[in-house]
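Shown next: entry-v2.pdb, given as PDB, C-alpha atoms and all ligand atoms.
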MODEL        1
ATOM      1  CA  MET A   1     -21.402 -16.835  13.075  1.00  0.00           C
ATOM      2  CA  ASN A   2     -20.523 -13.155  13.145  1.00  0.00           C
ATOM      3  CA  ALA A   3     -17.216 -11.382  13.104  1.00  0.00           C
ATOM      4  CA  ASN A   4     -18.323  -9.773  16.341  1.00  0.00           C
ATOM      5  CA  LEU A   5     -14.912  -9.059  17.793  1.00  0.00           C
ATOM      6  CA  GLN A   6     -13.235  -5.938  16.508  1.00  0.00           C
ATOM      7  CA  TRP A   7      -9.964  -4.284  17.363  1.00  0.00           C
ATOM      8  CA  GLN A   8      -7.904  -1.667  15.644  1.00  0.00           C
ATOM      9  CA  THR A   9      -4.449  -0.234  15.930  1.00  0.00           C
ATOM     10  CA  THR A  10      -2.236   2.171  14.042  1.00  0.00           C
ATOM     11  CA  VAL A  11       1.235   1.372  12.757  1.00  0.00           C
ATOM     12  CA  THR A  12       3.723   3.896  11.451  1.00  0.00           C
ATOM     13  CA  ALA A  13       6.315   1.772   9.623  1.00  0.00           C
ATOM     14  CA  PRO A  14       6.465  -1.488   7.661  1.00  0.00           C
ATOM     15  CA  GLU A  15       8.615  -2.997  10.407  1.00  0.00           C
ATOM     16  CA  GLN A  16       5.789  -2.396  12.841  1.00  0.00           C
ATOM     17  CA  THR A  17       3.306  -4.206  10.612  1.00  0.00           C
ATOM     18  CA  GLU A  18       5.748  -7.101  10.411  1.00  0.00           C
ATOM     19  CA  GLU A  19       6.280  -7.223  14.171  1.00  0.00           C
ATOM     20  CA  LEU A  20       2.571  -7.215  14.853  1.00  0.00           C
ATOM     21  CA  ALA A  21       2.063 -10.029  12.353  1.00  0.00           C
ATOM     22  CA  ALA A  22       4.984 -11.978  13.858  1.00  0.00           C
ATOM     23  CA  LYS A  23       3.291 -11.889  17.257  1.00  0.00           C
ATOM     24  CA  ILE A  24       0.166 -13.258  15.628  1.00  0.00           C
ATOM     25  CA  GLY A  25       2.195 -15.952  13.863  1.00  0.00           C
ATOM     26  CA  GLN A  26       3.575 -17.095  17.220  1.00  0.00           C
ATOM     27  CA  ALA A  27       0.056 -17.535  18.573  1.00  0.00           C
ATOM     28  CA  LEU A  28      -1.406 -19.532  15.701  1.00  0.00           C
ATOM     29  CA  LYS A  29      -2.435 -23.118  16.370  1.00  0.00           C
ATOM     30  CA  GLY A  30      -2.849 -24.250  12.773  1.00  0.00           C
ATOM     31  CA  GLY A  31      -6.040 -24.279  10.758  1.00  0.00           C
ATOM     32  CA  GLU A  32      -6.623 -20.513  10.909  1.00  0.00           C
ATOM     33  CA  VAL A  33      -7.872 -18.592   7.893  1.00  0.00           C
ATOM     34  CA  ILE A  34      -6.862 -14.952   7.511  1.00  0.00           C
ATOM     35  CA  GLU A  35      -8.195 -12.568   4.896  1.00  0.00           C
ATOM     36  CA  LEU A  36      -6.167  -9.430   4.207  1.00  0.00           C
ATOM     37  CA  VAL A  37      -7.961  -6.462   2.688  1.00  0.00           C
ATOM     38  CA  SER A  38      -6.417  -3.283   1.277  1.00  0.00           C
ATOM     39  CA  ASP A  39      -5.525  -1.473  -1.888  1.00  0.00           C
ATOM     40  CA  LEU A  40      -2.245  -2.232  -3.624  1.00  0.00           C
ATOM     41  CA  GLY A  41       0.668  -1.324  -1.377  1.00  0.00           C
ATOM     42  CA  GLY A  42      -1.471  -1.400   1.740  1.00  0.00           C
ATOM     43  CA  GLY A  43       0.876  -3.787   3.498  1.00  0.00           C
ATOM     44  CA  LYS A  44      -0.778  -7.194   3.077  1.00  0.00           C
ATOM     45  CA  THR A  45       2.307  -9.018   1.852  1.00  0.00           C
ATOM     46  CA  THR A  46       4.423  -7.253   4.484  1.00  0.00           C
ATOM     47  CA  PHE A  47       2.018  -8.659   7.077  1.00  0.00           C
ATOM     48  CA  VAL A  48       2.372 -12.172   5.637  1.00  0.00           C
ATOM     49  CA  ARG A  49       6.175 -11.858   5.878  1.00  0.00           C
ATOM     50  CA  GLY A  50       5.958 -11.140   9.601  1.00  0.00           C
ATOM     51  CA  LEU A  51       3.391 -13.816  10.239  1.00  0.00           C
ATOM     52  CA  VAL A  52       5.443 -16.505   8.482  1.00  0.00           C
ATOM     53  CA  ARG A  53       8.521 -15.468  10.465  1.00  0.00           C
ATOM     54  CA  GLY A  54       6.494 -15.608  13.693  1.00  0.00           C
ATOM     55  CA  LEU A  55       5.490 -19.163  12.847  1.00  0.00           C
ATOM     56  CA  GLY A  56       9.179 -20.020  12.759  1.00  0.00           C
ATOM     57  CA  SER A  57       9.592 -20.394   9.026  1.00  0.00           C
ATOM     58  CA  PRO A  58      12.845 -19.340   7.352  1.00  0.00           C
ATOM     59  CA  ASP A  59      11.084 -19.223   3.974  1.00  0.00           C
ATOM     60  CA  LYS A  60      11.201 -16.025   1.971  1.00  0.00           C
ATOM     61  CA  VAL A  61       7.872 -14.313   1.458  1.00  0.00           C
ATOM     62  CA  ALA A  62       7.304 -12.470  -1.793  1.00  0.00           C
ATOM     63  CA  SER A  63       4.196 -11.274  -3.497  1.00  0.00           C
ATOM     64  CA  PRO A  64       2.648 -14.290  -5.211  1.00  0.00           C
ATOM     65  CA  THR A  65       0.809 -12.099  -7.705  1.00  0.00           C
ATOM     66  CA  PHE A  66       2.083 -13.977 -10.733  1.00  0.00           C
ATOM     67  CA  THR A  67       1.783 -17.451  -9.291  1.00  0.00           C
ATOM     68  CA  ILE A  68      -1.405 -16.944  -7.249  1.00  0.00           C
ATOM     69  CA  SER A  69      -0.261 -19.235  -4.466  1.00  0.00           C
ATOM     70  CA  LYS A  70       2.799 -19.994  -2.381  1.00  0.00           C
ATOM     71  CA  VAL A  71       3.462 -22.457   0.401  1.00  0.00           C
ATOM     72  CA  TYR A  72       5.816 -21.774   3.298  1.00  0.00           C
ATOM     73  CA  LYS A  73       6.996 -24.556   5.561  1.00  0.00           C
ATOM     74  CA  ALA A  74       6.687 -23.915   9.281  1.00  0.00           C
ATOM     75  CA  PRO A  75       6.736 -27.368  10.908  1.00  0.00           C
ATOM     76  CA  PRO A  76       4.405 -28.696  12.185  1.00  0.00           C
ATOM     77  CA  HIS A  77       2.443 -26.150  10.200  1.00  0.00           C
ATOM     78  CA  GLN A  78       2.483 -24.779   6.727  1.00  0.00           C
ATOM     79  CA  VAL A  79       1.208 -21.524   5.352  1.00  0.00           C
ATOM     80  CA  TYR A  80      -0.735 -21.260   2.119  1.00  0.00           C
ATOM     81  CA  HIS A  81      -0.506 -17.723   0.781  1.00  0.00           C
ATOM     82  CA  PHE A  82      -2.996 -16.885  -1.966  1.00  0.00           C
ATOM     83  CA  ASP A  83      -3.175 -13.641  -3.928  1.00  0.00           C
ATOM     84  CA  PHE A  84      -6.082 -13.256  -6.347  1.00  0.00           C
ATOM     85  CA  TYR A  85      -5.198  -9.782  -7.557  1.00  0.00           C
ATOM     86  CA  ARG A  86      -6.871  -9.091 -10.911  1.00  0.00           C
ATOM     87  CA  LEU A  87      -8.390 -12.539 -11.092  1.00  0.00           C
ATOM     88  CA  ASP A  88     -12.030 -12.404 -12.170  1.00  0.00           C
ATOM     89  CA  GLU A  89     -12.572 -16.088 -11.819  1.00  0.00           C
ATOM     90  CA  PRO A  90     -10.678 -18.415  -9.484  1.00  0.00           C
ATOM     91  CA  GLY A  91     -11.192 -21.603 -11.530  1.00  0.00           C
ATOM     92  CA  LEU A  92      -9.587 -24.604  -9.859  1.00  0.00           C
ATOM     93  CA  MET A  93      -7.855 -22.356  -7.343  1.00  0.00           C
ATOM     94  CA  ALA A  94     -11.108 -22.147  -5.402  1.00  0.00           C
ATOM     95  CA  GLU A  95     -10.796 -25.879  -4.758  1.00  0.00           C
ATOM     96  CA  ASP A  96      -7.210 -25.407  -3.612  1.00  0.00           C
ATOM     97  CA  VAL A  97      -8.371 -22.780  -1.148  1.00  0.00           C
ATOM     98  CA  ALA A  98     -11.244 -24.965   0.052  1.00  0.00           C
ATOM     99  CA  GLU A  99      -8.866 -27.881   0.579  1.00  0.00           C
ATOM    100  CA  ALA A 100      -6.287 -25.781   2.421  1.00  0.00           C
ATOM    101  CA  VAL A 101      -9.031 -24.420   4.682  1.00  0.00           C
ATOM    102  CA  GLU A 102      -9.934 -27.987   5.708  1.00  0.00           C
ATOM    103  CA  ASP A 103      -6.389 -28.891   6.780  1.00  0.00           C
ATOM    104  CA  PRO A 104      -5.838 -28.359  10.528  1.00  0.00           C
ATOM    105  CA  ASN A 105      -2.080 -27.947  10.041  1.00  0.00           C
ATOM    106  CA  THR A 106      -2.422 -25.303   7.384  1.00  0.00           C
ATOM    107  CA  VAL A 107      -2.705 -21.586   7.974  1.00  0.00           C
ATOM    108  CA  VAL A 108      -4.435 -19.967   5.010  1.00  0.00           C
ATOM    109  CA  ILE A 109      -3.817 -16.317   4.159  1.00  0.00           C
ATOM    110  CA  VAL A 110      -5.611 -14.687   1.261  1.00  0.00           C
ATOM    111  CA  GLU A 111      -5.060 -11.331  -0.446  1.00  0.00           C
ATOM    112  CA  TRP A 112      -7.784 -10.043  -2.778  1.00  0.00           C
ATOM    113  CA  ALA A 113     -10.180 -12.745  -1.610  1.00  0.00           C
ATOM    114  CA  ASP A 114     -13.330 -11.438  -3.324  1.00  0.00           C
ATOM    115  CA  VAL A 115     -13.401 -14.199  -5.936  1.00  0.00           C
ATOM    116  CA  VAL A 116     -13.119 -16.942  -3.323  1.00  0.00           C
ATOM    117  CA  GLN A 117     -15.509 -15.560  -0.700  1.00  0.00           C
ATOM    118  CA  HIS A 118     -17.757 -18.573  -1.248  1.00  0.00           C
ATOM    119  CA  VAL A 119     -15.117 -20.993   0.033  1.00  0.00           C
ATOM    120  CA  LEU A 120     -13.869 -18.876   2.942  1.00  0.00           C
ATOM    121  CA  PRO A 121     -15.252 -19.950   6.318  1.00  0.00           C
ATOM    122  CA  ALA A 122     -17.054 -17.482   8.585  1.00  0.00           C
ATOM    123  CA  MET A 123     -14.549 -18.622  11.187  1.00  0.00           C
ATOM    124  CA  ARG A 124     -11.748 -16.382   9.964  1.00  0.00           C
ATOM    125  CA  LEU A 125      -9.808 -13.304  10.878  1.00  0.00           C
ATOM    126  CA  THR A 126     -10.159 -10.343   8.569  1.00  0.00           C
ATOM    127  CA  VAL A 127      -7.527  -7.625   8.671  1.00  0.00           C
ATOM    128  CA  ARG A 128      -8.302  -4.402   6.851  1.00  0.00           C
ATOM    129  CA  PHE A 129      -5.441  -1.988   6.125  1.00  0.00           C
ATOM    130  CA  GLU A 130      -6.654   1.578   5.875  1.00  0.00           C
ATOM    131  CA  PRO A 131      -4.545   4.413   4.496  1.00  0.00           C
ATOM    132  CA  MET A 132      -3.687   7.240   6.871  1.00  0.00           C
ATOM    133  CA  PRO A 133      -2.297  10.734   6.294  1.00  0.00           C
ATOM    134  CA  GLY A 134       1.322   9.653   6.852  1.00  0.00           C
ATOM    135  CA  ALA A 135       2.938   7.733   3.974  1.00  0.00           C
ATOM    136  CA  HIS A 136       4.016   4.930   6.308  1.00  0.00           C
ATOM    137  CA  GLU A 137       0.991   5.067   8.520  1.00  0.00           C
ATOM    138  CA  ARG A 138      -1.770   2.462   8.339  1.00  0.00           C
ATOM    139  CA  ARG A 139      -4.792   1.675  10.431  1.00  0.00           C
ATOM    140  CA  LEU A 140      -5.183  -2.066  10.881  1.00  0.00           C
ATOM    141  CA  VAL A 141      -8.730  -3.131  11.631  1.00  0.00           C
ATOM    142  CA  PHE A 142      -9.168  -6.691  12.899  1.00  0.00           C
ATOM    143  CA  ALA A 143     -12.479  -8.549  12.878  1.00  0.00           C
ATOM    144  CA  CYS A 144     -13.220 -12.151  13.830  1.00  0.00           C
ATOM    145  CA  PRO A 145     -15.636 -14.358  15.744  1.00  0.00           C
ATOM    146  CA  GLU A 146     -15.110 -14.849  19.511  1.00  0.00           C
ATOM    147  CA  GLN A 147     -13.439 -18.204  18.939  1.00  0.00           C
ATOM    148  CA  LEU A 148     -10.471 -16.448  17.348  1.00  0.00           C
ATOM    149  CA  ALA A 149     -10.046 -13.895  20.153  1.00  0.00           C
ATOM    150  CA  TYR A 150      -6.612 -15.363  20.939  1.00  0.00           C
ATOM    151  CA  ILE A 151      -5.297 -13.998  17.641  1.00  0.00           C
ATOM    152  CA  ILE A 152      -6.279 -10.455  18.514  1.00  0.00           C
ATOM    153  CA  GLU A 153      -4.952 -10.894  22.058  1.00  0.00           C
ATOM    154  CA  ALA A 154      -1.592 -11.899  20.592  1.00  0.00           C
ATOM    155  CA  ALA A 155      -1.525  -8.771  18.473  1.00  0.00           C
ATOM    156  CA  LYS A 156      -2.222  -6.553  21.484  1.00  0.00           C
ATOM    157  CA  TYR A 157       0.637  -7.616  23.721  1.00  0.00           C
TER
HETATM  158  P1  LIG B   1       0.220  -5.204  -0.580  1.00  0.00           P
HETATM  159  O1  LIG B   1       0.543  -6.655  -0.457  1.00  0.00           O
HETATM  160  O2  LIG B   1      -0.967  -4.793   0.237  1.00  0.00           O
HETATM  161  O3  LIG B   1       0.090  -4.759  -1.998  1.00  0.00           O
HETATM  162  P2  LIG B   1       2.955  -4.806   0.278  1.00  0.00           P
HETATM  163  O4  LIG B   1       3.128  -5.344   1.649  1.00  0.00           O
HETATM  164  O5  LIG B   1       3.450  -5.629  -0.860  1.00  0.00           O
HETATM  165  O6  LIG B   1       1.422  -4.389   0.071  1.00  0.00           O
HETATM  166  O7  LIG B   1       3.655  -3.399   0.161  1.00  0.00           O
HETATM  167  C1  LIG B   1       3.478  -2.401   1.096  1.00  0.00           C
HETATM  168  C2  LIG B   1       4.453  -1.287   0.781  1.00  0.00           C
HETATM  169  O8  LIG B   1       4.188  -0.176   1.623  1.00  0.00           O
HETATM  170  C3  LIG B   1       5.886  -1.731   1.020  1.00  0.00           C
HETATM  171  O9  LIG B   1       6.723  -1.088   0.089  1.00  0.00           O
HETATM  172  C4  LIG B   1       6.145  -1.203   2.417  1.00  0.00           C
HETATM  173  O10 LIG B   1       7.504  -0.922   2.660  1.00  0.00           O
HETATM  174  C5  LIG B   1       5.329   0.090   2.417  1.00  0.00           C
HETATM  175  N1  LIG B   1       4.844   0.487   3.739  1.00  0.00           N
HETATM  176  C6  LIG B   1       4.976   1.715   4.269  1.00  0.00           C
HETATM  177  N2  LIG B   1       4.450   1.808   5.480  1.00  0.00           N
HETATM  178  C7  LIG B   1       3.966   0.560   5.772  1.00  0.00           C
HETATM  179  C8  LIG B   1       3.309   0.033   6.909  1.00  0.00           C
HETATM  180  N3  LIG B   1       3.047   0.753   8.009  1.00  0.00           N
HETATM  181  N4  LIG B   1       2.951  -1.273   6.861  1.00  0.00           N
HETATM  182  C9  LIG B   1       3.209  -2.019   5.771  1.00  0.00           C
HETATM  183  N5  LIG B   1       3.827  -1.566   4.655  1.00  0.00           N
HETATM  184  C10 LIG B   1       4.209  -0.273   4.654  1.00  0.00           C
HETATM  185 MG    MG B   2       0.505  -8.236  -1.813  1.00  0.00          MG
ENDMDL
END

Go through the file and emit its structure as structure tokens.
Ligand code: ADP
Ligand code: MG
Amino acid sequence: MNANLQWQTTVTAPEQTEELAAKIGQALKGGEVIELVSDLGGGKTTFVRGLVRGLGSPDKVASPTFTISKVYKAPPHQVYHFDFYRLDEPGLMAEDVAEAVEDPNTVVIVEWADVVQHVLPAMRLTVRFEPMPGAHERRLVFACPEQLAYIIEAAKY
């Protein structure tokens, strides 16, 4: 299965990244896996904050860098937020990711997913945050298989 759908957009403020992610959150059905790719400060956690809000969760989203994973309640869903920054080896966390991926009510979002690539399904959305000349400007590049087209459609409108 290929990530054969691609779409990209440019945002010019953190609020815009959050809004875009909130629209995506509203469209999620549960069971989606989203990989966020950027350098530090690219806007990954900002995106998660919007997405969790869009899913209707009042939970506070912070960078899980020191705890690796966080769970946000968004009945009937929940969001598992993993951040493997500076982790060379995922250890048991890889099993946690694999388990979360299997749960149809769980939305899985992963920052710095390199060390858990082997447990990430091909059926996932990847969002790449690319730096732009403006300090608050980012290019967001979305890629996913056809089956996840509804996520990109939600981001567009
Ligand atoms: P990451 O999780 O990728 O390390 P964060 O979301 O934690 O990034 O931080 C992004 C930082 O960049 C925040 O301080 C945010 O305010 C700032 N920022 C500036 N412009 C944007 C933008 N367009 N989208 C997201 N964050 C932005
Ligand atoms: Mg982060």

- Message: Would you pick out the contacts of Ala113 (chain A) at 8 Å or less, using only C-alpha atoms, so that residues sharing its chain but fewer than 5 positions from it are not included, and give the list as a ChimeraX atom specification?
- Response: /A:35-37,83-84

Would you give me, as JSON lines, each residue of chain A having an atom within 6 Å of an atom of ligand MG 2 (chain B), along with its shortest atom pair and that distance in Å to one decimal, using all atoms listed in the file and sorting by chain and residue number?
{"residue": "A:Lys44", "atom": "CA", "partner": "B:MG2", "partner_atom": "MG", "distance": 5.2}
{"residue": "A:Thr45", "atom": "CA", "partner": "B:MG2", "partner_atom": "MG", "distance": 4.2}
{"residue": "A:Ser63", "atom": "CA", "partner": "B:MG2", "partner_atom": "MG", "distance": 5.1}

So that all listed atoms of region 66-70 of chain A fit with 3 Å spare on each side, what axis-aligned box centre and edge lengths in Å, to one decimal, would you give as JSON?
{"center_x": 0.7, "center_y": -17.0, "center_z": -6.6, "size_x": 10.2, "size_y": 12.0, "size_z": 14.4}

- Item | Of the listed residues A:Gln6, A:Gln147, A:Thr67, A:Thr46, that which approaches ligand LIG 1 (chain B) most closely, counting only C-alpha atoms and all ligand atoms | A:Thr46

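Residues with any atom within 8 Å of Asn105 (chain A), counting only C-alpha atoms and excluding same-chain neighbours fewer than 4 positions away, are A:Lys29, A:Gly30, A:Gly31, A:Pro76, A:His77, A:Gln78.
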
Which residues are near ligand LIG 1 (chain B) in this structure, taking near to mean any atom at most 12 Å from a ligand atom and counting only C-alpha atoms and all ligand atoms? Format them as a PDB file with C-alpha atoms, keeping the file's coordinate frame.
ATOM      1  CA  THR A   9      -4.449  -0.234  15.930  1.00  0.00           C
ATOM      2  CA  THR A  10      -2.236   2.171  14.042  1.00  0.00           C
ATOM      3  CA  VAL A  11       1.235   1.372  12.757  1.00  0.00           C
ATOM      4  CA  THR A  12       3.723   3.896  11.451  1.00  0.00           C
ATOM      5  CA  ALA A  13       6.315   1.772   9.623  1.00  0.00           C
ATOM      6  CA  PRO A  14       6.465  -1.488   7.661  1.00  0.00           C
ATOM      7  CA  GLU A  15       8.615  -2.997  10.407  1.00  0.00           C
ATOM      8  CA  GLN A  16       5.789  -2.396  12.841  1.00  0.00           C
ATOM      9  CA  THR A  17       3.306  -4.206  10.612  1.00  0.00           C
ATOM     10  CA  GLU A  18       5.748  -7.101  10.411  1.00  0.00           C
ATOM     11  CA  GLU A  19       6.280  -7.223  14.171  1.00  0.00           C
ATOM     12  CA  LEU A  20       2.571  -7.215  14.853  1.00  0.00           C
ATOM     13  CA  ALA A  21       2.063 -10.029  12.353  1.00  0.00           C
ATOM     14  CA  GLU A  35      -8.195 -12.568   4.896  1.00  0.00           C
ATOM     15  CA  LEU A  36      -6.167  -9.430   4.207  1.00  0.00           C
ATOM     16  CA  VAL A  37      -7.961  -6.462   2.688  1.00  0.00           C
ATOM     17  CA  SER A  38      -6.417  -3.283   1.277  1.00  0.00           C
ATOM     18  CA  ASP A  39      -5.525  -1.473  -1.888  1.00  0.00           C
ATOM     19  CA  LEU A  40      -2.245  -2.232  -3.624  1.00  0.00           C
ATOM     20  CA  GLY A  41       0.668  -1.324  -1.377  1.00  0.00           C
ATOM     21  CA  GLY A  42      -1.471  -1.400   1.740  1.00  0.00           C
ATOM     22  CA  GLY A  43       0.876  -3.787   3.498  1.00  0.00           C
ATOM     23  CA  LYS A  44      -0.778  -7.194   3.077  1.00  0.00           C
ATOM     24  CA  THR A  45       2.307  -9.018   1.852  1.00  0.00           C
ATOM     25  CA  THR A  46       4.423  -7.253   4.484  1.00  0.00           C
ATOM     26  CA  PHE A  47       2.018  -8.659   7.077  1.00  0.00           C
ATOM     27  CA  VAL A  48       2.372 -12.172   5.637  1.00  0.00           C
ATOM     28  CA  ARG A  49       6.175 -11.858   5.878  1.00  0.00           C
ATOM     29  CA  GLY A  50       5.958 -11.140   9.601  1.00  0.00           C
ATOM     30  CA  VAL A  61       7.872 -14.313   1.458  1.00  0.00           C
ATOM     31  CA  ALA A  62       7.304 -12.470  -1.793  1.00  0.00           C
ATOM     32  CA  SER A  63       4.196 -11.274  -3.497  1.00  0.00           C
ATOM     33  CA  PRO A  64       2.648 -14.290  -5.211  1.00  0.00           C
ATOM     34  CA  THR A  65       0.809 -12.099  -7.705  1.00  0.00           C
ATOM     35  CA  HIS A  81      -0.506 -17.723   0.781  1.00  0.00           C
ATOM     36  CA  PHE A  82      -2.996 -16.885  -1.966  1.00  0.00           C
ATOM     37  CA  ASP A  83      -3.175 -13.641  -3.928  1.00  0.00           C
ATOM     38  CA  PHE A  84      -6.082 -13.256  -6.347  1.00  0.00           C
ATOM     39  CA  TYR A  85      -5.198  -9.782  -7.557  1.00  0.00           C
ATOM     40  CA  ILE A 109      -3.817 -16.317   4.159  1.00  0.00           C
ATOM     41  CA  VAL A 110      -5.611 -14.687   1.261  1.00  0.00           C
ATOM     42  CA  GLU A 111      -5.060 -11.331  -0.446  1.00  0.00           C
ATOM     43  CA  TRP A 112      -7.784 -10.043  -2.778  1.00  0.00           C
ATOM     44  CA  VAL A 127      -7.527  -7.625   8.671  1.00  0.00           C
ATOM     45  CA  ARG A 128      -8.302  -4.402   6.851  1.00  0.00           C
ATOM     46  CA  PHE A 129      -5.441  -1.988   6.125  1.00  0.00           C
ATOM     47  CA  GLU A 130      -6.654   1.578   5.875  1.00  0.00           C
ATOM     48  CA  PRO A 131      -4.545   4.413   4.496  1.00  0.00           C
ATOM     49  CA  MET A 132      -3.687   7.240   6.871  1.00  0.00           C
ATOM     50  CA  PRO A 133      -2.297  10.734   6.294  1.00  0.00           C
ATOM     51  CA  GLY A 134       1.322   9.653   6.852  1.00  0.00           C
ATOM     52  CA  ALA A 135       2.938   7.733   3.974  1.00  0.00           C
ATOM     53  CA  HIS A 136       4.016   4.930   6.308  1.00  0.00           C
ATOM     54  CA  GLU A 137       0.991   5.067   8.520  1.00  0.00           C
ATOM     55  CA  ARG A 138      -1.770   2.462   8.339  1.00  0.00           C
ATOM     56  CA  ARG A 139      -4.792   1.675  10.431  1.00  0.00           C
ATOM     57  CA  LEU A 140      -5.183  -2.066  10.881  1.00  0.00           C
TER      58      LEU A 140
END

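Pairwise distance (CA of Tyr80 (chain A), CA of Leu51 (chain A)) equals 11.8 Å.
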
- Query: How many Å separate CA of Asp59 (chain A) from CA of Glu102 (chain A)?
  - Reply: 22.8 Å

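Using all atoms listed in the file, the protein and nucleic acid residues lying no more than 12 Å from Glu99 (chain A), apart from those fewer than 2 places from it along its own chain, are Gly31, Val33, Tyr80, Leu92, Met93, Ala94, Glu95, Asp96, Val97, Val101, Glu102, Asp103, Pro104, Asn105, Thr106, Val107, Val108, Val119, Leu120 and Pro121 of chain A.
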
- Query: If you measure from CA of Val141 (chain A) to CA of Gly25 (chain A), what distance in Å do you get, rounded to one decimal?
  - Reply: 17.0 Å

- Message: Starting from the PyMOL selection byres (((chain A and resi 3) around 9) and not hetatm), expand the selection into actual residues of this file and give them as a PyMOL selection string.
- Response: chain A and resi 1-2+4-6+122-126+143-146

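Distance annotation: of A:Lys60, A:His118, A:Lys70, A:Arg53, the residue with the minimal separation from Ile24 (chain A) is A:Arg53; atom set is only C-alpha atoms.
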
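Closest approach to Val115 (chain A) from the set A:Phe142, A:Lys156, A:Arg86, A:Ser57 is made by A:Arg86, with distances taken over all atoms listed in the file.
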
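Using the PyMOL selection byres (((chain A and resi 56) around 8) and not hetatm) on this structure selects Gln26, Val52, Arg53, Gly54, Leu55, Ser57, Pro58, Ala74 and Pro75 of chain A.
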